[in-house]
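Below is entry07.tsv, which holds TSV, C-alpha atoms.
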```tsv
chain	number	residue	atom	x	y	z
A	1	MET	CA	12.55	-76.05	-61.35
A	2	LYS	CA	16.03	-77.44	-61.44
A	3	LYS	CA	17.33	-79.22	-58.37
A	4	SER	CA	20.30	-76.82	-58.05
A	5	VAL	CA	17.95	-73.82	-57.99
A	6	LYS	CA	15.79	-75.41	-55.28
A	7	ILE	CA	18.85	-76.06	-53.14
A	8	LEU	CA	20.02	-72.45	-53.60
A	9	LEU	CA	16.61	-71.05	-52.60
A	10	SER	CA	16.52	-73.31	-49.55
A	11	MET	CA	19.93	-72.05	-48.51
A	12	PHE	CA	18.81	-68.42	-48.86
A	13	GLY	CA	15.69	-69.15	-46.81
A	14	ALA	CA	17.65	-70.81	-44.05
A	15	ALA	CA	20.11	-67.92	-43.99
A	16	ALA	CA	17.26	-65.41	-43.69
A	17	ILE	CA	15.72	-67.34	-40.80
A	18	LEU	CA	19.08	-67.56	-39.03
A	19	SER	CA	19.70	-63.84	-39.57
A	20	ALA	CA	16.29	-62.91	-38.19
A	21	GLY	CA	16.78	-65.23	-35.24
A	22	PHE	CA	20.21	-63.77	-34.52
A	23	ALA	CA	18.85	-60.20	-34.66
A	24	LEU	CA	15.98	-61.13	-32.35
A	25	GLY	CA	18.40	-62.80	-30.00
A	26	GLN	CA	20.57	-59.68	-29.92
A	27	ARG	CA	17.57	-57.46	-29.21
A	28	THR	CA	16.29	-59.77	-26.48
A	29	THR	CA	19.72	-59.94	-24.86
A	30	ALA	CA	20.03	-56.15	-24.97
A	31	ASP	CA	16.58	-55.68	-23.47
A	32	GLU	CA	17.34	-58.15	-20.70
A	33	ARG	CA	20.84	-57.04	-19.75
A	34	ARG	CA	21.37	-57.66	-16.08
A	35	VAL	CA	23.02	-55.41	-13.50
A	36	TYR	CA	25.48	-57.10	-11.19
A	37	ILE	CA	25.75	-55.29	-7.85
A	38	ALA	CA	28.66	-56.47	-5.71
A	39	ASP	CA	27.67	-54.96	-2.36
A	40	GLU	CA	24.87	-56.97	-0.76
A	41	ASN	CA	23.33	-54.01	1.09
A	42	LEU	CA	23.23	-51.88	-2.05
A	43	ARG	CA	21.88	-54.83	-4.01
A	44	ALA	CA	19.05	-55.31	-1.51
A	45	ALA	CA	18.14	-51.61	-1.63
A	46	ILE	CA	18.15	-51.48	-5.44
A	47	ILE	CA	16.14	-54.69	-5.79
A	48	ASP	CA	13.59	-53.42	-3.28
A	49	GLU	CA	12.94	-50.40	-5.50
A	50	ALA	CA	13.51	-52.00	-8.91
A	51	ARG	CA	10.94	-54.78	-8.49
A	52	TRP	CA	8.09	-52.25	-8.51
A	53	ASN	CA	6.73	-51.62	-12.01
A	54	PRO	CA	5.09	-48.16	-12.10
A	55	GLU	CA	3.34	-48.91	-15.41
A	56	THR	CA	1.49	-52.02	-14.20
A	57	GLY	CA	1.34	-51.11	-10.51
A	58	GLU	CA	2.61	-54.57	-9.63
A	59	GLU	CA	5.78	-56.14	-8.27
A	60	GLU	CA	8.01	-58.18	-10.55
A	61	ILE	CA	10.14	-61.18	-9.71
A	62	ILE	CA	13.86	-60.44	-9.98
A	63	GLU	CA	15.66	-63.64	-10.80
A	64	ASN	CA	18.91	-64.50	-9.03
A	65	GLU	CA	19.06	-60.98	-7.52
A	66	LEU	CA	20.05	-59.62	-10.94
A	67	PRO	CA	17.69	-56.81	-11.97
A	68	THR	CA	17.61	-55.74	-15.61
A	69	VAL	CA	19.00	-52.42	-16.80
A	70	ASP	CA	15.45	-51.26	-17.52
A	71	GLN	CA	14.24	-52.19	-14.03
A	72	VAL	CA	17.06	-50.26	-12.36
A	73	ALA	CA	16.70	-47.26	-14.68
A	74	ARG	CA	13.11	-46.61	-13.57
A	75	ILE	CA	14.04	-46.09	-9.88
A	76	GLU	CA	13.27	-42.50	-8.89
A	77	MET	CA	14.44	-42.44	-5.27
A	78	ILE	CA	16.73	-44.63	-3.17
A	79	ASP	CA	18.14	-44.59	0.37
A	80	PHE	CA	20.65	-46.99	1.89
A	81	SER	CA	23.58	-47.27	4.31
A	82	ASP	CA	26.52	-49.49	5.32
A	83	VAL	CA	27.69	-49.90	1.74
A	84	ARG	CA	31.31	-50.31	0.68
A	85	SER	CA	30.86	-50.09	-3.10
A	86	LEU	CA	28.50	-47.90	-5.13
A	87	GLU	CA	29.02	-49.92	-8.31
A	88	GLY	CA	25.60	-50.34	-9.91
A	89	VAL	CA	24.03	-46.99	-9.03
A	90	GLN	CA	25.17	-45.59	-12.40
A	91	TYR	CA	22.23	-47.44	-13.98
A	92	ILE	CA	19.72	-45.46	-11.90
A	93	LYS	CA	19.30	-42.87	-14.63
A	94	ASP	CA	15.93	-41.39	-13.61
A	95	ALA	CA	16.53	-40.91	-9.88
A	96	ARG	CA	15.94	-37.35	-8.68
A	97	ARG	CA	16.91	-37.92	-5.05
A	98	PHE	CA	19.74	-39.99	-3.57
A	99	SER	CA	20.63	-40.47	0.11
A	100	TYR	CA	23.64	-42.37	1.42
A	101	SER	CA	24.91	-42.88	4.96
A	102	VAL	CA	28.63	-43.61	5.31
A	103	THR	CA	28.99	-45.78	8.39
A	104	ARG	CA	32.50	-47.12	7.97
A	105	ASN	CA	35.86	-45.40	7.95
A	106	ASP	CA	36.47	-46.17	4.28
A	107	VAL	CA	37.59	-44.13	1.30
A	108	ILE	CA	34.41	-44.04	-0.76
A	109	ASP	CA	34.54	-44.05	-4.57
A	110	PHE	CA	31.69	-41.79	-5.67
A	111	ARG	CA	32.42	-42.07	-9.41
A	112	PRO	CA	29.36	-44.25	-10.17
A	113	LEU	CA	27.22	-41.34	-8.93
A	114	SER	CA	28.51	-39.12	-11.72
A	115	GLU	CA	26.40	-41.05	-14.26
A	116	MET	CA	23.11	-40.37	-12.44
A	117	GLU	CA	22.44	-37.59	-14.92
A	118	ASN	CA	18.99	-36.54	-13.65
A	119	LEU	CA	19.93	-36.29	-9.97
A	120	GLU	CA	18.62	-33.13	-8.29
A	121	GLU	CA	19.09	-33.83	-4.57
A	122	LEU	CA	22.06	-35.61	-3.00
A	123	TYR	CA	22.45	-36.33	0.72
A	124	ILE	CA	25.66	-37.84	2.11
A	125	TYR	CA	26.02	-38.50	5.85
A	126	SER	CA	28.74	-40.02	7.99
A	127	SER	CA	28.18	-41.39	11.49
A	128	GLU	CA	31.88	-41.99	12.18
A	129	GLU	CA	32.94	-39.38	14.71
A	130	TYR	CA	36.59	-40.29	15.07
A	131	GLY	CA	39.31	-41.24	12.60
A	132	HIS	CA	37.26	-40.45	9.53
A	133	LYS	CA	38.81	-39.46	6.21
A	134	PRO	CA	37.86	-36.53	3.97
A	135	LEU	CA	35.42	-37.38	1.20
A	136	ASP	CA	36.51	-37.04	-2.42
A	137	ILE	CA	33.56	-35.33	-4.13
A	138	SER	CA	35.35	-34.49	-7.40
A	139	SER	CA	32.91	-36.65	-9.40
A	140	PHE	CA	29.95	-34.54	-8.22
A	141	GLY	CA	30.99	-31.92	-10.77
A	142	ASN	CA	29.30	-34.04	-13.46
A	143	LEU	CA	25.86	-33.79	-11.85
A	144	SER	CA	24.67	-30.89	-13.98
A	145	ASN	CA	21.07	-31.02	-12.70
A	146	LEU	CA	21.99	-31.05	-9.01
A	147	ARG	CA	20.08	-28.42	-7.03
A	148	ARG	CA	20.72	-29.48	-3.42
A	149	LEU	CA	23.76	-31.08	-1.80
A	150	ASP	CA	23.88	-31.99	1.90
A	151	LEU	CA	27.08	-33.33	3.51
A	152	ASN	CA	26.32	-33.75	7.17
A	153	TYR	CA	27.02	-35.24	10.58
A	154	TYR	CA	30.72	-36.14	10.33
A	155	ALA	CA	31.07	-36.00	6.55
A	156	GLN	CA	34.10	-33.81	5.84
A	157	VAL	CA	35.45	-32.30	2.62
A	158	LEU	CA	38.76	-30.57	1.89
A	159	ASP	CA	38.17	-29.81	-1.80
A	160	PHE	CA	34.90	-28.30	-3.05
A	161	SER	CA	36.33	-26.97	-6.33
A	162	SER	CA	34.56	-29.48	-8.60
A	163	LEU	CA	31.19	-27.96	-7.64
A	164	SER	CA	32.04	-24.69	-9.42
A	165	SER	CA	30.64	-26.11	-12.67
A	166	LEU	CA	27.18	-26.80	-11.17
A	167	GLU	CA	25.12	-23.86	-12.42
A	168	ASN	CA	21.85	-25.24	-11.03
A	169	LEU	CA	23.12	-25.75	-7.47
A	170	GLU	CA	20.90	-23.74	-5.12
A	171	THR	CA	21.78	-25.17	-1.70
A	172	LEU	CA	24.99	-26.62	-0.29
A	173	ASN	CA	25.17	-27.59	3.36
A	174	ALA	CA	28.49	-29.06	4.48
A	175	THR	CA	28.50	-28.22	8.16
A	176	GLY	CA	29.20	-31.54	9.83
A	177	GLY	CA	31.29	-32.05	12.96
A	178	GLY	CA	34.46	-34.00	13.53
A	179	MET	CA	38.13	-33.47	12.70
A	180	ILE	CA	40.30	-34.51	9.75
A	181	GLU	CA	43.78	-35.58	10.82
A	182	LEU	CA	46.46	-33.64	8.92
A	183	SER	CA	50.25	-33.90	8.92
A	184	PRO	CA	52.16	-32.76	12.05
A	185	LEU	CA	53.05	-29.11	12.42
A	186	TYR	CA	56.60	-28.19	13.46
A	187	VAL	CA	56.75	-25.21	15.85
A	188	SER	CA	59.77	-23.40	17.26
A	189	ARG	CA	59.95	-23.05	21.04
A	190	GLU	CA	61.50	-19.65	20.43
A	191	THR	CA	58.75	-18.08	18.30
A	192	ARG	CA	55.84	-20.21	19.59
A	193	GLU	CA	54.03	-19.38	16.37
A	194	ALA	CA	52.27	-21.82	14.04
A	195	ILE	CA	51.65	-20.88	10.40
A	196	ILE	CA	49.80	-23.05	7.87
A	197	GLY	CA	48.20	-22.61	4.48
A	198	HIS	CA	44.41	-22.84	4.40
A	199	PRO	CA	43.77	-26.59	3.89
A	200	VAL	CA	40.32	-26.19	2.29
A	201	THR	CA	39.76	-25.38	-1.40
A	202	TYR	CA	36.33	-23.86	-1.98
A	203	SER	CA	34.12	-23.73	-5.06
A	204	THR	CA	33.08	-20.43	-6.62
A	205	GLN	CA	29.73	-20.55	-4.82
A	206	PHE	CA	31.54	-19.68	-1.58
A	207	ASP	CA	31.98	-16.00	-2.33
A	208	GLY	CA	31.07	-14.71	1.15
A	209	GLU	CA	32.78	-14.55	4.55
A	210	ARG	CA	35.47	-16.97	5.66
A	211	SER	CA	36.72	-17.47	9.18
A	212	VAL	CA	38.77	-19.80	11.37
A	213	PHE	CA	38.79	-20.74	15.05
A	214	ALA	CA	41.34	-22.80	16.96
A	215	ASP	CA	41.51	-24.85	20.15
A	216	LEU	CA	44.70	-26.06	21.78
A	217	VAL	CA	44.94	-29.54	23.30
A	218	ASP	CA	47.71	-30.63	25.66
A	219	ALA	CA	49.17	-34.11	26.15
A	220	ASN	CA	46.50	-34.90	28.76
A	221	GLY	CA	43.66	-34.04	26.40
A	222	GLU	CA	42.85	-30.78	28.17
A	223	TYR	CA	41.54	-27.96	25.96
A	224	THR	CA	42.43	-24.27	25.86
A	225	PHE	CA	39.74	-22.32	24.04
A	226	ASP	CA	41.10	-18.76	24.33
A	227	VAL	CA	43.54	-18.78	21.42
A	228	GLU	CA	44.72	-15.98	19.16
A	229	VAL	CA	44.30	-17.06	15.51
A	230	SER	CA	44.22	-14.93	12.35
A	231	LEU	CA	43.28	-15.54	8.73
A	232	ASP	CA	44.98	-13.46	6.03
A	233	GLY	CA	43.95	-14.73	2.62
A	234	ASP	CA	45.04	-18.38	2.70
A	235	LYS	CA	47.51	-17.85	5.55
A	236	VAL	CA	46.48	-19.07	9.01
A	237	THR	CA	48.54	-17.96	12.02
A	238	VAL	CA	48.33	-19.00	15.66
A	239	SER	CA	50.47	-16.92	18.03
A	240	ASP	CA	51.76	-17.29	21.60
A	241	LEU	CA	51.35	-21.03	21.71
A	242	ASP	CA	51.78	-22.71	25.08
A	243	VAL	CA	54.75	-25.09	24.88
A	244	ASN	CA	52.59	-27.80	26.44
A	245	THR	CA	50.34	-27.82	23.38
A	246	ALA	CA	50.25	-31.25	21.76
A	247	ARG	CA	47.66	-30.58	19.07
A	248	ILE	CA	45.80	-27.69	17.40
A	249	GLU	CA	42.23	-28.20	16.27
A	250	PHE	CA	41.14	-25.73	13.57
A	251	THR	CA	37.56	-25.11	12.50
A	252	PHE	CA	37.16	-23.40	9.12
A	253	TYR	CA	33.94	-21.72	8.01
A	254	ALA	CA	32.87	-20.41	4.60
A	255	SER	CA	29.61	-19.00	3.26
A	256	ALA	CA	28.13	-17.31	0.20
A	257	GLU	CA	26.77	-13.83	-0.37
A	258	THR	CA	23.43	-15.43	-1.13
A	259	ALA	CA	21.73	-17.69	1.40
A	260	GLY	CA	21.88	-21.46	1.09
A	261	PHE	CA	25.61	-22.17	1.11
A	262	GLY	CA	27.63	-23.03	4.20
A	263	ALA	CA	30.69	-25.15	4.92
A	264	ARG	CA	32.38	-26.17	8.15
A	265	THR	CA	35.60	-28.19	8.07
A	266	GLY	CA	37.50	-29.36	11.14
A	267	CYS	CA	41.21	-30.19	10.96
A	268	SER	CA	43.48	-31.53	13.69
A	269	LEU	CA	47.27	-31.06	13.51
A	270	PRO	CA	49.69	-32.67	15.98
A	271	ILE	CA	52.45	-30.32	17.20
A	272	ILE	CA	56.13	-31.26	17.11
A	273	TRP	CA	58.23	-28.80	19.08
A	274	TYR	CA	61.84	-28.08	18.21
```

Kindly transcribe the structure held in the file into structure tokens.
Amino acid sequence: MKKSVKILLSMFGAAAILSAGFALGQRTTADERRVYIADENLRAAIIDEARWNPETGEEEIIENELPTVDQVARIEMIDFSDVRSLEGVQYIKDARRFSYSVTRNDVIDFRPLSEMENLEELYIYSSEEYGHKPLDISSFGNLSNLRRLDLNYYAQVLDFSSLSSLENLETLNATGGGMIELSPLYVSRETREAIIGHPVTYSTQFDGERSVFADLVDANGEYTFDVEVSLDGDKVTVSDLDVNTARIEFTFYASAETAGFGARTGCSLPIIWY
């Protein structure tokens, strides 16, 4: 065999080995992709669940607190609290149940939850009684397998409309306490009448009764519970207001014709008299 032919064959062989090695390297890298989880409390909760291998029945070592995509994907249930960022939960593809306690007065970004495609039960709680903000649950509309949604304690929502697309939703409980602070309400001393538009947007599941109650609070924090308030469509009217009223606290209720759906939303509006 000529020398030039031998050299050419050697080059082809080396190229084949390099190609195979590169492909193997790509496959290994893909199989071992790591999930970086910024929040330390969420990271601890995910690692605690991800280290268990259900196939072998044994715990695995997670190096440098960086679980693999495969390890995170096999988690079926997770609970945690005191977390500022949910980045990382989108890799928990097989989880059927998810529970999260909001313990800080933060605006929570729930978008990573929208990729938990097999989620069936979702529980969100808030322990912050005062000064809390309404939760943005618009991303929950992507959870097509969701059957149960609980928003409790002081978790408050002003817009439920995204849930209208959830055909499998059987139970929705959003009856927490607390008050959402809204913009001041200007009231004439002459008419002593306050009129606002209904601040809550409901999903189609809430096709039953709706009602509203109001309490008046004066500058000293004293409450008046006997208040005339009416609800006409989306128009809310409070009549014969005492001029000493400093704030109105509304409580809005909504339900469904079928059992299993209930929402309570509290809103507080400061009064500016003119």

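Using all atoms listed in the file, the nearest neighbour of Ser230 (chain A) within the list A:Met77, A:Ile92, A:Leu149, A:Ala194 is A:Ala194.
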
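Across the model, the gap from CA of Val229 (chain A) to CA of Ser211 (chain A) is 9.9 Å.
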
Can you tell me, as a PyMOL selection string, what residues are no more than 10 Å from Tyr202 (chain A) when counting all atoms listed in the file, ignoring any on the same chain fewer than 5 positions away? chain A and resi 157-164+207+254-255+263

Between CA of Ile46 (chain A) and CA of Thr175 (chain A), what distance in Å does the model show, to one decimal? 28.9 Å

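Among the candidates A:Ile62, A:Leu113, A:Val236, A:Val83, the residue lying nearest to Asn41 (chain A) is A:Val83 (atoms considered: all atoms listed in the file).
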
Å distance separating CA of Asp240 (chain A) from CA of Pro270 (chain A), one decimal place: 16.5 Å

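Nearest to Ala73 (chain A) of all the residues A:Glu59, A:Pro199, A:Glu115, A:Phe213 is A:Glu115, counting all atoms listed in the file.
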
Contacts of Arg264 (chain A) at 7 Å or less, counting only C-alpha atoms, minus same-chain residues fewer than 6 places along, as a CSV table (one decimal) with C-alpha atoms, in the frame of the given file?
```csv
chain,number,residue,atom,x,y,z
A,174,ALA,CA,28.5,-29.1,4.5
A,175,THR,CA,28.5,-28.2,8.2
A,176,GLY,CA,29.2,-31.5,9.8
A,251,THR,CA,37.6,-25.1,12.5
A,252,PHE,CA,37.2,-23.4,9.1
A,253,TYR,CA,33.9,-21.7,8.0
A,254,ALA,CA,32.9,-20.4,4.6
```

Go ahead and fit an axis-aligned box to every listed atom of region 230-235 of chain A plus 8 Å each side, and pass me the centre and edge lengths in Å, one decimal, as lines of an AutoDock Vina configuration file.
```
center_x = 45.4
center_y = -15.9
center_z = 7.5
size_x = 20.2
size_y = 20.9
size_z = 25.7
```

Counting only C-alpha atoms, what is within 9 Å of Asn173 (chain A), bar same-chain residues fewer than 5 positions away, as a list of chain:residue names? A:Arg148, A:Leu149, A:Asp150, A:Leu151, A:Asn152, A:Gly260, A:Phe261, A:Gly262, A:Ala263, A:Arg264

Can you find the residues with an atom no farther than 8 Å from (42.7, -27.2, 19.6), counting only C-alpha atoms, and report them as a PyMOL selection string? chain A and resi 214-217+223-225+247-250+268

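The residue that comes closest to Tyr36 (chain A), out of A:Glu49, A:Asp82, A:Glu120, A:Glu87 and on the basis of only C-alpha atoms, is A:Glu87.
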
Residues near Ile47 (chain A), anyone? I mean within 8 Å using all atoms listed in the file, not counting same-chain ones fewer than 3 positions away, as a PyMOL selection string. chain A and resi 43-44+50-51+62+65+67+72

Could you write out that same residue set with C-alpha atoms as a PDB file, in the coordinates of the input?
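See result34.pdb below for the written result:
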```
ATOM      1  CA  ARG A  43      21.880 -54.830  -4.010  1.00  0.00           C
ATOM      2  CA  ALA A  44      19.050 -55.310  -1.510  1.00  0.00           C
ATOM      3  CA  ALA A  50      13.510 -52.000  -8.910  1.00  0.00           C
ATOM      4  CA  ARG A  51      10.940 -54.780  -8.490  1.00  0.00           C
ATOM      5  CA  ILE A  62      13.860 -60.440  -9.980  1.00  0.00           C
ATOM      6  CA  GLU A  65      19.060 -60.980  -7.520  1.00  0.00           C
ATOM      7  CA  PRO A  67      17.690 -56.810 -11.970  1.00  0.00           C
ATOM      8  CA  VAL A  72      17.060 -50.260 -12.360  1.00  0.00           C
TER       9      VAL A  72
END
```

Neighbouring residues of Val243 (chain A) were defined as those with any atom within 12 Å, considering only C-alpha atoms; residues of the same chain fewer than 2 positions away were excluded. Please report them as a list in words. Tyr186, Val187, Ser188, Arg189, Glu190, Thr191, Arg192, Glu193, Ala194, Leu216, Val217, Asp218, Ala219, Ser239, Asp240, Leu241, Thr245, Ala246, Arg247, Ile248, Ile271, Ile272, Trp273 and Tyr274 of chain A

Starting from the point (18.3, -43.3, -10.8), work out which residues of protein, DNA or RNA have an atom no more than 9 Å away when counting all atoms listed in the file; state them as a PyMOL selection string. chain A and resi 72-78+89-98+116-119

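Comparing the minimum interatomic distances between Asn145 (chain A) and each of A:Val212, A:Leu166, A:Leu231, A:Leu66, counting all atoms listed in the file, we find that A:Leu166 sits nearest.
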
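Residue nearest Leu143 (chain A) within the list A:Ile180, A:Leu169, A:Ile61, A:Ile124: A:Leu169 [criterion: smallest interatomic distance, only C-alpha atoms].
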
Only C-alpha atoms needed: put region 69-165 of chain A from the block into a file as a PDB file, in the first residue's frame.
```pdb
ATOM      1  CA  VAL A  69     -32.074  17.996  35.093  1.00  0.00           C
ATOM      2  CA  ASP A  70     -33.001  14.313  35.357  1.00  0.00           C
ATOM      3  CA  GLN A  71     -32.745  14.332  39.154  1.00  0.00           C
ATOM      4  CA  VAL A  72     -35.028  17.362  39.459  1.00  0.00           C
ATOM      5  CA  ALA A  73     -37.502  16.045  36.879  1.00  0.00           C
ATOM      6  CA  ARG A  74     -38.277  12.937  38.945  1.00  0.00           C
ATOM      7  CA  ILE A  75     -39.539  14.924  41.981  1.00  0.00           C
ATOM      8  CA  GLU A  76     -43.237  14.200  42.503  1.00  0.00           C
ATOM      9  CA  MET A  77     -44.036  16.430  45.483  1.00  0.00           C
ATOM     10  CA  ILE A  78     -42.353  19.433  47.088  1.00  0.00           C
ATOM     11  CA  ASP A  79     -43.119  21.864  49.921  1.00  0.00           C
ATOM     12  CA  PHE A  80     -41.119  24.922  50.964  1.00  0.00           C
ATOM     13  CA  SER A  81     -41.386  28.463  52.318  1.00  0.00           C
ATOM     14  CA  ASP A  82     -39.475  31.747  52.716  1.00  0.00           C
ATOM     15  CA  VAL A  83     -38.390  31.779  49.082  1.00  0.00           C
ATOM     16  CA  ARG A  84     -37.858  34.912  47.002  1.00  0.00           C
ATOM     17  CA  SER A  85     -37.315  33.293  43.598  1.00  0.00           C
ATOM     18  CA  LEU A  86     -39.010  30.239  42.079  1.00  0.00           C
ATOM     19  CA  GLU A  87     -36.412  29.913  39.314  1.00  0.00           C
ATOM     20  CA  GLY A  88     -35.613  26.217  39.005  1.00  0.00           C
ATOM     21  CA  VAL A  89     -39.041  24.715  39.723  1.00  0.00           C
ATOM     22  CA  GLN A  90     -39.778  24.634  35.975  1.00  0.00           C
ATOM     23  CA  TYR A  91     -37.586  21.517  35.780  1.00  0.00           C
ATOM     24  CA  ILE A  92     -39.881  19.617  38.163  1.00  0.00           C
ATOM     25  CA  LYS A  93     -41.869  18.157  35.291  1.00  0.00           C
ATOM     26  CA  ASP A  94     -43.452  15.161  37.063  1.00  0.00           C
ATOM     27  CA  ALA A  95     -44.671  16.842  40.251  1.00  0.00           C
ATOM     28  CA  ARG A  96     -48.384  16.361  40.913  1.00  0.00           C
ATOM     29  CA  ARG A  97     -48.559  18.462  44.078  1.00  0.00           C
ATOM     30  CA  PHE A  98     -46.881  21.770  44.923  1.00  0.00           C
ATOM     31  CA  SER A  99     -47.156  23.802  48.142  1.00  0.00           C
ATOM     32  CA  TYR A 100     -45.617  27.217  48.729  1.00  0.00           C
ATOM     33  CA  SER A 101     -45.846  29.566  51.712  1.00  0.00           C
ATOM     34  CA  VAL A 102     -45.280  33.257  50.963  1.00  0.00           C
ATOM     35  CA  THR A 103     -43.770  34.732  54.110  1.00  0.00           C
ATOM     36  CA  ARG A 104     -42.446  38.040  52.825  1.00  0.00           C
ATOM     37  CA  ASN A 105     -44.198  41.071  51.422  1.00  0.00           C
ATOM     38  CA  ASP A 106     -42.737  40.571  47.955  1.00  0.00           C
ATOM     39  CA  VAL A 107     -44.173  40.533  44.450  1.00  0.00           C
ATOM     40  CA  ILE A 108     -43.781  36.872  43.548  1.00  0.00           C
ATOM     41  CA  ASP A 109     -43.028  35.813  39.959  1.00  0.00           C
ATOM     42  CA  PHE A 110     -44.966  32.584  39.447  1.00  0.00           C
ATOM     43  CA  ARG A 111     -43.972  32.139  35.791  1.00  0.00           C
ATOM     44  CA  PRO A 112     -41.617  29.181  36.460  1.00  0.00           C
ATOM     45  CA  LEU A 113     -44.670  27.300  37.773  1.00  0.00           C
ATOM     46  CA  SER A 114     -46.321  27.466  34.363  1.00  0.00           C
ATOM     47  CA  GLU A 115     -43.882  24.842  33.028  1.00  0.00           C
ATOM     48  CA  MET A 116     -44.837  22.237  35.659  1.00  0.00           C
ATOM     49  CA  GLU A 117     -47.062  20.598  33.062  1.00  0.00           C
ATOM     50  CA  ASN A 118     -48.259  17.634  35.167  1.00  0.00           C
ATOM     51  CA  LEU A 119     -49.250  19.651  38.243  1.00  0.00           C
ATOM     52  CA  GLU A 120     -52.656  18.671  39.660  1.00  0.00           C
ATOM     53  CA  GLU A 121     -52.710  20.335  43.093  1.00  0.00           C
ATOM     54  CA  LEU A 122     -51.344  23.781  43.917  1.00  0.00           C
ATOM     55  CA  TYR A 123     -51.379  25.370  47.377  1.00  0.00           C
ATOM     56  CA  ILE A 124     -50.235  28.961  47.911  1.00  0.00           C
ATOM     57  CA  TYR A 125     -50.332  30.524  51.389  1.00  0.00           C
ATOM     58  CA  SER A 126     -49.328  33.893  52.779  1.00  0.00           C
ATOM     59  CA  SER A 127     -48.660  34.568  56.464  1.00  0.00           C
ATOM     60  CA  GLU A 128     -48.286  38.338  56.020  1.00  0.00           C
ATOM     61  CA  GLU A 129     -51.374  39.906  57.563  1.00  0.00           C
ATOM     62  CA  TYR A 130     -50.633  43.548  56.891  1.00  0.00           C
ATOM     63  CA  GLY A 131     -49.269  45.436  53.892  1.00  0.00           C
ATOM     64  CA  HIS A 132     -49.389  42.469  51.549  1.00  0.00           C
ATOM     65  CA  LYS A 133     -49.739  42.829  47.787  1.00  0.00           C
ATOM     66  CA  PRO A 134     -52.152  40.981  45.489  1.00  0.00           C
ATOM     67  CA  LEU A 135     -50.720  37.888  43.849  1.00  0.00           C
ATOM     68  CA  ASP A 136     -50.368  37.766  40.069  1.00  0.00           C
ATOM     69  CA  ILE A 137     -51.639  34.294  39.115  1.00  0.00           C
ATOM     70  CA  SER A 138     -51.856  34.895  35.352  1.00  0.00           C
ATOM     71  CA  SER A 139     -49.294  32.149  34.669  1.00  0.00           C
ATOM     72  CA  PHE A 140     -51.533  29.536  36.338  1.00  0.00           C
ATOM     73  CA  GLY A 141     -53.616  29.513  33.159  1.00  0.00           C
ATOM     74  CA  ASN A 142     -50.969  27.252  31.579  1.00  0.00           C
ATOM     75  CA  LEU A 143     -51.458  24.475  34.139  1.00  0.00           C
ATOM     76  CA  SER A 144     -53.859  22.442  32.018  1.00  0.00           C
ATOM     77  CA  ASN A 145     -53.907  19.437  34.387  1.00  0.00           C
ATOM     78  CA  LEU A 146     -54.626  21.466  37.525  1.00  0.00           C
ATOM     79  CA  ARG A 147     -57.553  20.054  39.513  1.00  0.00           C
ATOM     80  CA  ARG A 148     -57.236  21.875  42.857  1.00  0.00           C
ATOM     81  CA  LEU A 149     -56.053  25.392  43.672  1.00  0.00           C
ATOM     82  CA  ASP A 150     -55.888  26.728  47.233  1.00  0.00           C
ATOM     83  CA  LEU A 151     -54.970  30.368  47.942  1.00  0.00           C
ATOM     84  CA  ASN A 152     -55.263  30.823  51.669  1.00  0.00           C
ATOM     85  CA  TYR A 153     -54.481  32.669  54.877  1.00  0.00           C
ATOM     86  CA  TYR A 154     -53.632  36.174  53.620  1.00  0.00           C
ATOM     87  CA  ALA A 155     -53.039  35.316  49.963  1.00  0.00           C
ATOM     88  CA  GLN A 156     -55.108  37.783  47.942  1.00  0.00           C
ATOM     89  CA  VAL A 157     -55.981  37.927  44.238  1.00  0.00           C
ATOM     90  CA  LEU A 158     -57.606  40.694  42.188  1.00  0.00           C
ATOM     91  CA  ASP A 159     -57.610  38.924  38.811  1.00  0.00           C
ATOM     92  CA  PHE A 160     -58.769  35.311  38.432  1.00  0.00           C
ATOM     93  CA  SER A 161     -59.462  35.538  34.680  1.00  0.00           C
ATOM     94  CA  SER A 162     -56.517  33.359  33.590  1.00  0.00           C
ATOM     95  CA  LEU A 163     -58.120  30.346  35.295  1.00  0.00           C
ATOM     96  CA  SER A 164     -60.993  30.318  32.773  1.00  0.00           C
ATOM     97  CA  SER A 165     -58.926  28.098  30.460  1.00  0.00           C
TER      98      SER A 165
END
```
